[in-house]
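Taking it in order: structure first as structure tokens, then the write-up.
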Amino acid sequence: MRKSLLTLFFLGLFATMASAQKEFANVDLPLRHPEDLVTVADASGHVCIYFFQNGKLNFSLLSPDGQQIAQHEIPYRFSREPQVLGTRVTDDEFVFYSRYTNGRREYVRPFAINRETGAFRSLQDQQLDIKRGVSFVGGFGNDNHFYMLYTDKKDNLYLYRDAEDDMAHLDLQVFKPEMPKTRDRYGRLSDLIYVHPDLERTVYTGYHRSKIYTQGDQVYMIFDGYDLKGKGNKATTEILALDWNTGKTAYRTLPEIEQKKGPSFNSFLFDNTLFRVQLERDHLNLTAYDFNTLQPVKEYSYKNDEEISIKSTPVRQRGSKGLFSSDNTVIEKTSKVMKNLASGVPAITVDKFSDNSIQLTIGSYQPAERRDGSQDASRMVRTPDRYYQTSRGLVMIPGRWTPAFNIPSYYLNSPYYSRYFYDPMGQGSNLPAGPGISTYFRAILDSNSLAKVTGDKEPVVLQDKIEQYEEELKPEPEFQTVYRYGDKLHYGYYDRKSRTFRIVEFSQNQEPQQPQQKQQ
């Protein structure tokens with residue numbers, strides 16, 4: 001009887017999961033540090049998996065149907081761990097851009113993997129002419145170009161970009177910032193991330209208040225809620241446009257908002273619409289602006305005694321697991337929703353799949369509480385995670401664990417250089433050291449009218465399907481990643497017991513499929 005009940009339970013569980021996902025690939029990887037693994041996908045459906053281990057780059061190339069085409073172990077020069085900052089996808093290759101430093105000399109080291117055969121080739125290094133006093137901020141790549149960003153003490157921006165006819169050669173443009181000073185001189189750049197079109201849309205990726213977007217030859221840097229000198233408690237959304245063709249900058253702002261204690265609003269650029277959300281304990285406001293004119297085109301506003309009618313999913317809170325509470329809770333009362341949303345840094349992301357709707361994730365992120373530093377006197381420090389998974393690889397500065405004694409004290413104590421490092425035990429840093437608490441809901445809007453999509457059918461939210469699938473995994477994977485795969489999402493996780501990297505595919509109109517039973 002007991003065996004029959006267990007059989008029925010697992011059949012029901014698998015039927016639930018099968019309605020949302022199917023296994024795309026299962027790759028054998030003898031990996032010691034799963035957090036070093038990176039997945040890169042192209043529009044044709046090829047997936048490249050790579051990681052650095054024992055002084056070597058390990059590559060696995062998968063076909064559009066999840067079959068392994070090639071697997072390589074390539075010695076990396078000087079056994080120095082590469083800083084892979086971005087990837088381009090050409091007609092026949094994945095091109096990875098790596099940064100290498102030797103004293104004051106800096107180099108770009110591209111290497112490539114053939115998308116059809118998996119053949120590896122190394123491209124010619126280029127030494128960058130870095131002036132004294134110019135410091136590296138980050139690198140990022142889109143479908144057409146790879147960029148590297150530097151700045152100096154006068155806040156000039158030095159932008160390198162690969163040439164049209166030579167992907168291994170970087171040209172330089174220098175831009176005047178033309179922005180007012182902030183009370184925190186390095187605040188804008190310390191939280192900067194690049195928003196790739198395939199960036200995972202979560203509260204954690206959306207809470208950053210400094211974002212880079214690219215549209216054609218334009219690079220947009222958008223900053224939210226920074227305290228400007230002479231503005232008192234008022235803050236705004238700042239837009240700095242860098243025109244690569246002309247070398248000119250343009251500075252614009254949205255209407256100012258009064259901030260009481262900390263950041264109360266954030267924004268996200270999607271297509272030609274800039275969405276800005278403001279979260280307070282007594283109200284929530286969402287405004288969509290035409291990005292060309294900065295004129296409002298749609299607005300939603302709610303008080304703490306009103307139902308948030310724009311939401312298409314319940315308001316969830318993750319990361320607040322206690323002794324007698326779940327890691328995933330639903331908040332129903334609007335006043336409590338407003339209170340929890342206002343407790344963290346506002347976050348918003350926007351995404352679109354195959355239908356005529358867009359999906360907004362609106363919420364807030366509250367960093368994890370710091371631990372007592374005396375718990376581990378022989379601690380290690382880690383460069384901050386200024387990178388995020390996209391279908392084009394890592395963006396910004398990869399984080400790595402480093403023994404504390406390897407980093408000179410003048411770096412850690414400097415108000416400028418210290419922003420590149422954080423102490424996981426909480427000694428002298430304001431960067432989060434854990435997953436933190438995410439409170440959020442999702443809204444599904446018509447992409448043309450920006451009105452809420454309604455109907456008899458429950459809306460399909462792929463991120464929710466992934467979160468449900470993740471909760472059912474036992475044991476909980478120590479590493480997981482989500483990346484865009486055409487019009488689908490891939491959820492990858494490392495199974496240490498079988499030493500395999502599993503990729504599960506989620507799509508909106510997916511046929512049910514019986515998944516393979518996991519090893520118990």
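Chain labels A, B, ... are given in the sequence in which chains occur in the structure tokens; within each chain residues are numbered consecutively from 1, and ligands are likewise numbered from 1 in the order shown.
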Inset, instruction - Could you give me, as a list in words, the residues within 8 Å of Tyr100 in chain A, counting only C-alpha atoms and dropping anything in the same chain fewer than 6 positions from it? - result: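 Those residues are Pro82, Gln83, Glu106, Tyr107, Val108 and Arg109 of chain A.
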Inset, instruction - Quick one: everything within 8 Å of Glu256 in chain A, counting only C-alpha atoms, minus sequence neighbours fewer than 6 positions away in the same chain. Send it as a list in words. - result: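 Close residues of Glu256 in chain A: Lys234, Ala235, Thr236 and Thr237 of chain A.
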Include N, CA and C atoms and write out the residues we just selected as a PDB file, in the first residue's frame.
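Okay, this is what ended up in part.pdb:
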ATOM      1  N   LYS A 234      15.708  65.633  -2.643  1.00  0.00           N
ATOM      2  CA  LYS A 234      15.163  65.294  -3.958  1.00  0.00           C
ATOM      3  C   LYS A 234      16.197  64.553  -4.799  1.00  0.00           C
ATOM      4  N   ALA A 235      15.714  63.565  -5.535  1.00  0.00           N
ATOM      5  CA  ALA A 235      16.575  62.780  -6.418  1.00  0.00           C
ATOM      6  C   ALA A 235      15.826  62.515  -7.711  1.00  0.00           C
ATOM      7  N   THR A 236      16.527  61.990  -8.708  1.00  0.00           N
ATOM      8  CA  THR A 236      15.890  61.796  -9.996  1.00  0.00           C
ATOM      9  C   THR A 236      16.525  60.621 -10.735  1.00  0.00           C
ATOM     10  N   THR A 237      15.972  60.321 -11.886  1.00  0.00           N
ATOM     11  CA  THR A 237      16.547  59.350 -12.814  1.00  0.00           C
ATOM     12  C   THR A 237      17.389  60.106 -13.824  1.00  0.00           C
TER      13      THR A 237
END
If we count only C-alpha atoms and set the cut-off at 9 Å, which residues sit around range 210-219 of chain A, ignoring sequence neighbours fewer than 3 positions away in its own chain? Please answer as a short mmCIF file (atom, residue, chain, number, x, y, z; two decimals) with N, CA, C and O atoms, in the first residue's frame.
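Okay, result_0.cif is ready:
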data_model
loop_
_atom_site.label_atom_id
_atom_site.label_comp_id
_atom_site.auth_asym_id
_atom_site.auth_seq_id
_atom_site.Cartn_x
_atom_site.Cartn_y
_atom_site.Cartn_z
N ASN A 142 27.52 42.88 -26.67
CA ASN A 142 26.19 42.60 -27.20
C ASN A 142 26.35 41.82 -28.50
O ASN A 142 27.42 41.27 -28.78
N ASN A 144 26.66 42.81 -31.50
CA ASN A 144 27.48 43.43 -32.55
C ASN A 144 28.86 43.89 -32.10
O ASN A 144 29.76 44.00 -32.93
N GLY A 187 29.58 56.62 -6.22
CA GLY A 187 28.34 55.86 -6.06
C GLY A 187 27.79 55.32 -7.36
O GLY A 187 27.35 54.17 -7.44
N ARG A 188 27.78 56.16 -8.39
CA ARG A 188 27.16 55.74 -9.65
C ARG A 188 27.87 54.52 -10.24
O ARG A 188 27.24 53.57 -10.67
N LEU A 189 29.22 54.55 -10.28
CA LEU A 189 29.96 53.49 -10.94
C LEU A 189 30.07 52.23 -10.09
O LEU A 189 30.26 51.14 -10.63
N SER A 190 29.96 52.35 -8.78
CA SER A 190 30.16 51.18 -7.92
C SER A 190 29.04 50.16 -8.06
O SER A 190 29.23 48.99 -7.74
N ASP A 191 27.88 50.55 -8.56
CA ASP A 191 26.75 49.63 -8.68
C ASP A 191 26.40 49.36 -10.13
O ASP A 191 25.32 48.90 -10.46
N LEU A 192 27.31 49.63 -11.04
CA LEU A 192 27.01 49.60 -12.47
C LEU A 192 26.97 48.17 -13.00
O LEU A 192 27.89 47.38 -12.78
N ILE A 193 25.91 47.82 -13.74
CA ILE A 193 25.83 46.54 -14.44
C ILE A 193 25.37 46.80 -15.87
O ILE A 193 24.80 47.85 -16.18
N TYR A 194 25.63 45.83 -16.74
CA TYR A 194 25.19 45.91 -18.12
C TYR A 194 23.94 45.06 -18.29
O TYR A 194 23.90 43.90 -17.88
N VAL A 195 22.91 45.63 -18.90
CA VAL A 195 21.65 44.93 -19.12
C VAL A 195 21.64 44.39 -20.55
O VAL A 195 21.35 45.11 -21.50
N HIS A 196 21.98 43.13 -20.68
CA HIS A 196 21.91 42.47 -21.98
C HIS A 196 20.45 42.08 -22.25
O HIS A 196 19.70 41.80 -21.30
N PRO A 197 20.00 42.07 -23.50
CA PRO A 197 18.62 41.66 -23.77
C PRO A 197 18.27 40.28 -23.22
O PRO A 197 17.10 40.01 -22.95
N ILE A 222 22.09 54.77 -17.16
CA ILE A 222 20.92 55.31 -16.44
C ILE A 222 21.14 55.08 -14.95
O ILE A 222 21.40 53.96 -14.50
N PHE A 223 21.01 56.16 -14.18
CA PHE A 223 21.25 56.14 -12.74
C PHE A 223 19.99 56.59 -12.00
O PHE A 223 19.37 57.59 -12.38
N ASP A 224 19.63 55.88 -10.93
CA ASP A 224 18.40 56.16 -10.19
C ASP A 224 18.67 56.46 -8.73
O ASP A 224 19.35 55.69 -8.03
N LEU A 240 22.49 59.33 -19.21
CA LEU A 240 23.69 59.81 -19.91
C LEU A 240 23.84 58.99 -21.19
O LEU A 240 23.99 57.77 -21.14
N ALA A 241 23.77 59.65 -22.33
CA ALA A 241 23.90 58.98 -23.63
C ALA A 241 25.28 59.22 -24.20
O ALA A 241 25.75 60.36 -24.26
N LEU A 242 25.95 58.14 -24.61
CA LEU A 242 27.26 58.22 -25.26
C LEU A 242 27.08 57.83 -26.72
O LEU A 242 26.71 56.68 -27.01
N ASP A 243 27.33 58.76 -27.62
CA ASP A 243 27.19 58.50 -29.05
C ASP A 243 28.57 58.12 -29.61
O ASP A 243 29.47 58.94 -29.70
N TRP A 244 28.72 56.85 -29.98
CA TRP A 244 30.02 56.37 -30.43
C TRP A 244 30.47 57.08 -31.71
O TRP A 244 31.65 57.38 -31.88
N ASN A 245 29.54 57.34 -32.61
CA ASN A 245 29.91 57.91 -33.91
C ASN A 245 30.45 59.34 -33.80
O ASN A 245 31.36 59.74 -34.53
N PHE A 268 13.84 50.82 -15.51
CA PHE A 268 14.31 49.79 -16.42
C PHE A 268 13.91 50.19 -17.83
O PHE A 268 12.76 50.52 -18.10
N LEU A 269 14.88 50.17 -18.74
CA LEU A 269 14.63 50.54 -20.14
C LEU A 269 14.34 49.29 -20.95
O LEU A 269 15.14 48.34 -20.97
N ASP A 271 12.97 48.29 -24.92
CA ASP A 271 12.67 48.84 -26.24
C ASP A 271 12.78 50.36 -26.18
O ASP A 271 13.81 50.89 -25.85
#
Legend entry - Atom pair CA of Asn340 in chain A / CA of Ser364 in chain A: separation (Å):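 Computing the Euclidean distance for CA of Asn340 in chain A and CA of Ser364 in chain A yields 8.1 Å.
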Determine, counting only C-alpha atoms, which protein, DNA and RNA residues have an atom within 7 Å of an atom of Thr182 in chain A; residues of the same chain fewer than 6 positions away are not included. Present the result as an mmCIF file with N, CA and C atoms, in the first residue's frame.
data_model
loop_
_atom_site.group_PDB
_atom_site.id
_atom_site.type_symbol
_atom_site.label_atom_id
_atom_site.label_comp_id
_atom_site.auth_asym_id
_atom_site.auth_seq_id
_atom_site.Cartn_x
_atom_site.Cartn_y
_atom_site.Cartn_z
ATOM 1 N N TYR A 226 20.326 58.753 -6.890
ATOM 2 C CA TYR A 226 21.563 59.207 -6.246
ATOM 3 C C TYR A 226 21.405 60.643 -5.747
ATOM 4 N N ASP A 227 21.936 60.893 -4.554
ATOM 5 C CA ASP A 227 21.831 62.220 -3.946
ATOM 6 C C ASP A 227 22.753 63.199 -4.657
ATOM 7 N N LEU A 228 22.159 64.172 -5.320
ATOM 8 C CA LEU A 228 22.946 65.185 -6.019
ATOM 9 C C LEU A 228 23.225 66.364 -5.098
ATOM 10 N N LYS A 229 24.378 66.969 -5.246
ATOM 11 C CA LYS A 229 24.731 68.101 -4.400
ATOM 12 C C LYS A 229 23.799 69.280 -4.678
#
Inset, instruction - Figure out the distance between CA of Phe506 in chain A and CA of Pro346 in chain A, please, to one decimal in Å. - result: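 Separation between CA of Pro346 in chain A and CA of Phe506 in chain A: 27.5 Å.
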Legend entry - Atomic separation - CA of Pro477 in chain A relative to CA of Arg32 in chain A, Å: 13.9 Å
Legend entry - Nearest residue to Asn328 in chain A from the set A:Thr439, A:Ser63, A:Asn58, A:Gln173 (distances using only C-alpha atoms):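 Answer, going by the shortest atom-to-atom distance: A:Thr439.
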Legend entry - Close residues, Lys131 in chain A itself excluded, 12 Å, only C-alpha atoms, min 6 positions apart in chain, as a PyMOL selection string: chain A and resi 104-106+150-153+158
Inset, instruction - Step one, run DSSP on the backbone; step two, keep only residues of range 441-508 of chain A assigned to alpha helix (DSSP H); then write them as number ranges by chain. - result: A: 462-472
Inset, instruction - Using DSSP on the backbone, list every residue of range 27-261 of chain A that comes out as strand (DSSP E), and give them as a PyMOL selection string. - result: chain A and resi 27-28+38-41+47-53+56-62+68-75+83-89+93-102+105-114+120-122+126-128+135-141+146-151+157-163+166-175+192-194+210-215+218-224+234-235+237-243+248-253+257-258
Would you output that residue set with C-alpha atoms, as a tab-separated table (two decimals), in the first residue's frame?
chain	number	residue	atom	x	y	z
A	27	VAL	CA	26.60	16.93	-19.55
A	28	ASP	CA	29.34	15.12	-17.62
A	38	VAL	CA	29.36	29.85	-17.55
A	39	THR	CA	26.75	29.07	-20.20
A	40	VAL	CA	26.52	30.92	-23.52
A	41	ALA	CA	23.74	30.42	-26.09
A	47	VAL	CA	25.06	26.24	-26.18
A	48	CYS	CA	28.67	26.61	-25.08
A	49	ILE	CA	29.58	25.65	-21.50
A	50	TYR	CA	32.99	26.63	-20.14
A	51	PHE	CA	34.90	26.90	-16.88
A	52	PHE	CA	38.50	27.47	-15.72
A	53	GLN	CA	40.17	24.76	-13.62
A	56	LYS	CA	42.99	25.17	-18.17
A	57	LEU	CA	39.86	26.31	-19.97
A	58	ASN	CA	37.29	23.55	-20.28
A	59	PHE	CA	34.71	23.81	-23.08
A	60	SER	CA	31.66	21.76	-24.02
A	61	LEU	CA	29.63	22.63	-27.12
A	62	LEU	CA	25.99	21.48	-27.41
A	68	GLN	CA	27.33	17.28	-27.20
A	69	ILE	CA	29.30	18.24	-30.33
A	70	ALA	CA	32.74	18.72	-28.80
A	71	GLN	CA	34.57	18.90	-25.48
A	72	HIS	CA	38.01	20.49	-25.01
A	73	GLU	CA	40.54	21.09	-22.24
A	74	ILE	CA	42.79	23.96	-23.34
A	75	PRO	CA	45.87	25.18	-21.38
A	83	GLN	CA	38.71	37.57	-16.75
A	84	VAL	CA	36.13	36.77	-19.42
A	85	LEU	CA	34.14	40.00	-19.67
A	86	GLY	CA	31.86	39.46	-22.65
A	87	THR	CA	31.06	37.40	-25.71
A	88	ARG	CA	30.13	38.11	-29.30
A	89	VAL	CA	28.41	35.68	-31.64
A	93	GLU	CA	31.93	31.49	-33.85
A	94	PHE	CA	31.49	32.33	-30.20
A	95	VAL	CA	34.15	35.00	-29.54
A	96	PHE	CA	35.18	35.45	-25.89
A	97	TYR	CA	36.97	38.60	-24.70
A	98	SER	CA	39.43	38.19	-21.85
A	99	ARG	CA	41.33	40.89	-19.97
A	100	TYR	CA	44.91	40.39	-18.82
A	101	THR	CA	47.01	42.80	-16.75
A	102	ASN	CA	50.78	42.85	-16.23
A	105	ARG	CA	50.05	47.16	-19.04
A	106	GLU	CA	46.62	45.82	-19.99
A	107	TYR	CA	45.75	43.44	-22.79
A	108	VAL	CA	42.62	42.13	-24.47
A	109	ARG	CA	42.92	38.44	-25.30
A	110	PRO	CA	40.12	37.18	-27.54
A	111	PHE	CA	39.62	33.49	-28.25
A	112	ALA	CA	36.91	31.75	-30.24
A	113	ILE	CA	34.94	28.49	-30.50
A	114	ASN	CA	33.42	27.40	-33.81
A	120	PHE	CA	39.14	26.41	-30.76
A	121	ARG	CA	41.37	29.25	-31.95
A	122	SER	CA	43.22	32.04	-30.18
A	126	GLN	CA	45.97	43.84	-28.20
A	127	GLN	CA	47.71	46.05	-25.66
A	128	LEU	CA	45.56	48.99	-24.54
A	135	SER	CA	41.01	52.87	-13.92
A	136	PHE	CA	39.06	49.92	-15.27
A	137	VAL	CA	35.30	49.87	-14.60
A	138	GLY	CA	34.04	46.88	-16.59
A	139	GLY	CA	33.50	45.13	-19.89
A	140	PHE	CA	30.36	44.05	-21.71
A	141	GLY	CA	29.32	42.65	-25.06
A	146	PHE	CA	32.42	44.29	-27.28
A	147	TYR	CA	33.12	47.28	-25.00
A	148	MET	CA	35.55	48.07	-22.19
A	149	LEU	CA	34.89	51.04	-19.90
A	150	TYR	CA	37.46	53.07	-17.94
A	151	THR	CA	37.32	56.32	-15.97
A	157	LEU	CA	34.72	58.02	-19.56
A	158	TYR	CA	37.11	56.04	-21.78
A	159	LEU	CA	35.17	53.61	-23.96
A	160	TYR	CA	36.93	50.97	-26.07
A	161	ARG	CA	35.01	49.09	-28.78
A	162	ASP	CA	36.05	46.40	-31.22
A	163	ALA	CA	36.43	47.52	-34.83
A	166	ASP	CA	38.66	43.38	-36.87
A	167	MET	CA	37.10	41.85	-33.75
A	168	ALA	CA	40.51	41.62	-32.07
A	169	HIS	CA	41.21	45.37	-32.39
A	170	LEU	CA	39.66	47.93	-30.04
A	171	ASP	CA	39.16	51.60	-30.91
A	172	LEU	CA	38.84	54.35	-28.28
A	173	GLN	CA	36.42	57.21	-27.69
A	174	VAL	CA	36.72	59.59	-24.71
A	175	PHE	CA	33.49	61.14	-23.37
A	192	LEU	CA	27.01	49.60	-12.47
A	193	ILE	CA	25.83	46.54	-14.44
A	194	TYR	CA	25.19	45.91	-18.12
A	210	SER	CA	23.21	52.04	-12.22
A	211	LYS	CA	22.62	50.29	-15.53
A	212	ILE	CA	24.15	50.29	-19.01
A	213	TYR	CA	22.09	49.66	-22.15
A	214	THR	CA	23.16	49.59	-25.81
A	215	GLN	CA	21.02	50.49	-28.82
A	218	GLN	CA	24.34	54.51	-28.63
A	219	VAL	CA	25.40	53.55	-25.11
A	220	TYR	CA	22.99	54.66	-22.36
A	221	MET	CA	23.98	54.87	-18.70
A	222	ILE	CA	20.92	55.31	-16.44
A	223	PHE	CA	21.25	56.14	-12.74
A	224	ASP	CA	18.40	56.16	-10.19
A	234	LYS	CA	15.16	65.29	-3.96
A	235	ALA	CA	16.58	62.78	-6.42
A	237	THR	CA	16.55	59.35	-12.81
A	238	GLU	CA	19.62	60.47	-14.78
A	239	ILE	CA	20.23	59.43	-18.39
A	240	LEU	CA	23.69	59.81	-19.91
A	241	ALA	CA	23.90	58.98	-23.63
A	242	LEU	CA	27.26	58.22	-25.26
A	243	ASP	CA	27.19	58.50	-29.05
A	248	LYS	CA	29.41	63.41	-27.83
A	249	THR	CA	27.44	62.99	-24.61
A	250	ALA	CA	23.89	64.04	-23.77
A	251	TYR	CA	22.41	64.35	-20.27
A	252	ARG	CA	18.68	64.19	-19.45
A	253	THR	CA	16.57	63.60	-16.34
A	257	ILE	CA	11.16	62.56	-6.46
A	258	GLU	CA	11.57	63.32	-2.76
Inset, instruction - Find the spatial neighbours of Ser447 in chain A, counting only C-alpha atoms, within a cut-off of 12 Å - ignore same-chain residues fewer than 2 positions away - and output them as a ChimeraX atom specification. - result: /A:270-273,288,298,350-360,443-445,449-453
Deliver the residues from the most recent selection as a file, using C-alpha atoms, as a PDB file, in the first residue's frame.
ATOM      1  CA  PHE A 270      12.812  48.167 -22.490  1.00  0.00           C
ATOM      2  CA  ASP A 271      12.667  48.839 -26.239  1.00  0.00           C
ATOM      3  CA  ASN A 272      11.736  52.528 -26.395  1.00  0.00           C
ATOM      4  CA  THR A 273       9.961  52.742 -23.026  1.00  0.00           C
ATOM      5  CA  ALA A 288       6.059  54.449 -18.304  1.00  0.00           C
ATOM      6  CA  LYS A 298       0.985  55.313 -18.865  1.00  0.00           C
ATOM      7  CA  VAL A 350      10.825  43.928 -18.102  1.00  0.00           C
ATOM      8  CA  ASP A 351      10.786  40.953 -20.462  1.00  0.00           C
ATOM      9  CA  LYS A 352       8.898  39.734 -23.537  1.00  0.00           C
ATOM     10  CA  PHE A 353       8.296  36.321 -25.065  1.00  0.00           C
ATOM     11  CA  SER A 354       6.351  35.097 -28.101  1.00  0.00           C
ATOM     12  CA  ASP A 355       2.956  36.710 -27.528  1.00  0.00           C
ATOM     13  CA  ASN A 356       1.934  40.383 -27.649  1.00  0.00           C
ATOM     14  CA  SER A 357       2.545  40.998 -23.958  1.00  0.00           C
ATOM     15  CA  ILE A 358       5.396  42.113 -21.708  1.00  0.00           C
ATOM     16  CA  GLN A 359       6.162  40.794 -18.237  1.00  0.00           C
ATOM     17  CA  LEU A 360       7.170  43.212 -15.482  1.00  0.00           C
ATOM     18  CA  ALA A 443       2.456  42.184 -14.017  1.00  0.00           C
ATOM     19  CA  ILE A 444       1.590  41.162 -17.580  1.00  0.00           C
ATOM     20  CA  LEU A 445       0.767  44.123 -19.826  1.00  0.00           C
ATOM     21  CA  SER A 449      -1.387  49.877 -24.798  1.00  0.00           C
ATOM     22  CA  LEU A 450       0.450  48.898 -21.557  1.00  0.00           C
ATOM     23  CA  ALA A 451      -2.935  47.859 -20.141  1.00  0.00           C
ATOM     24  CA  LYS A 452      -3.097  44.792 -17.921  1.00  0.00           C
ATOM     25  CA  VAL A 453      -3.751  41.572 -19.853  1.00  0.00           C
TER      26      VAL A 453
END
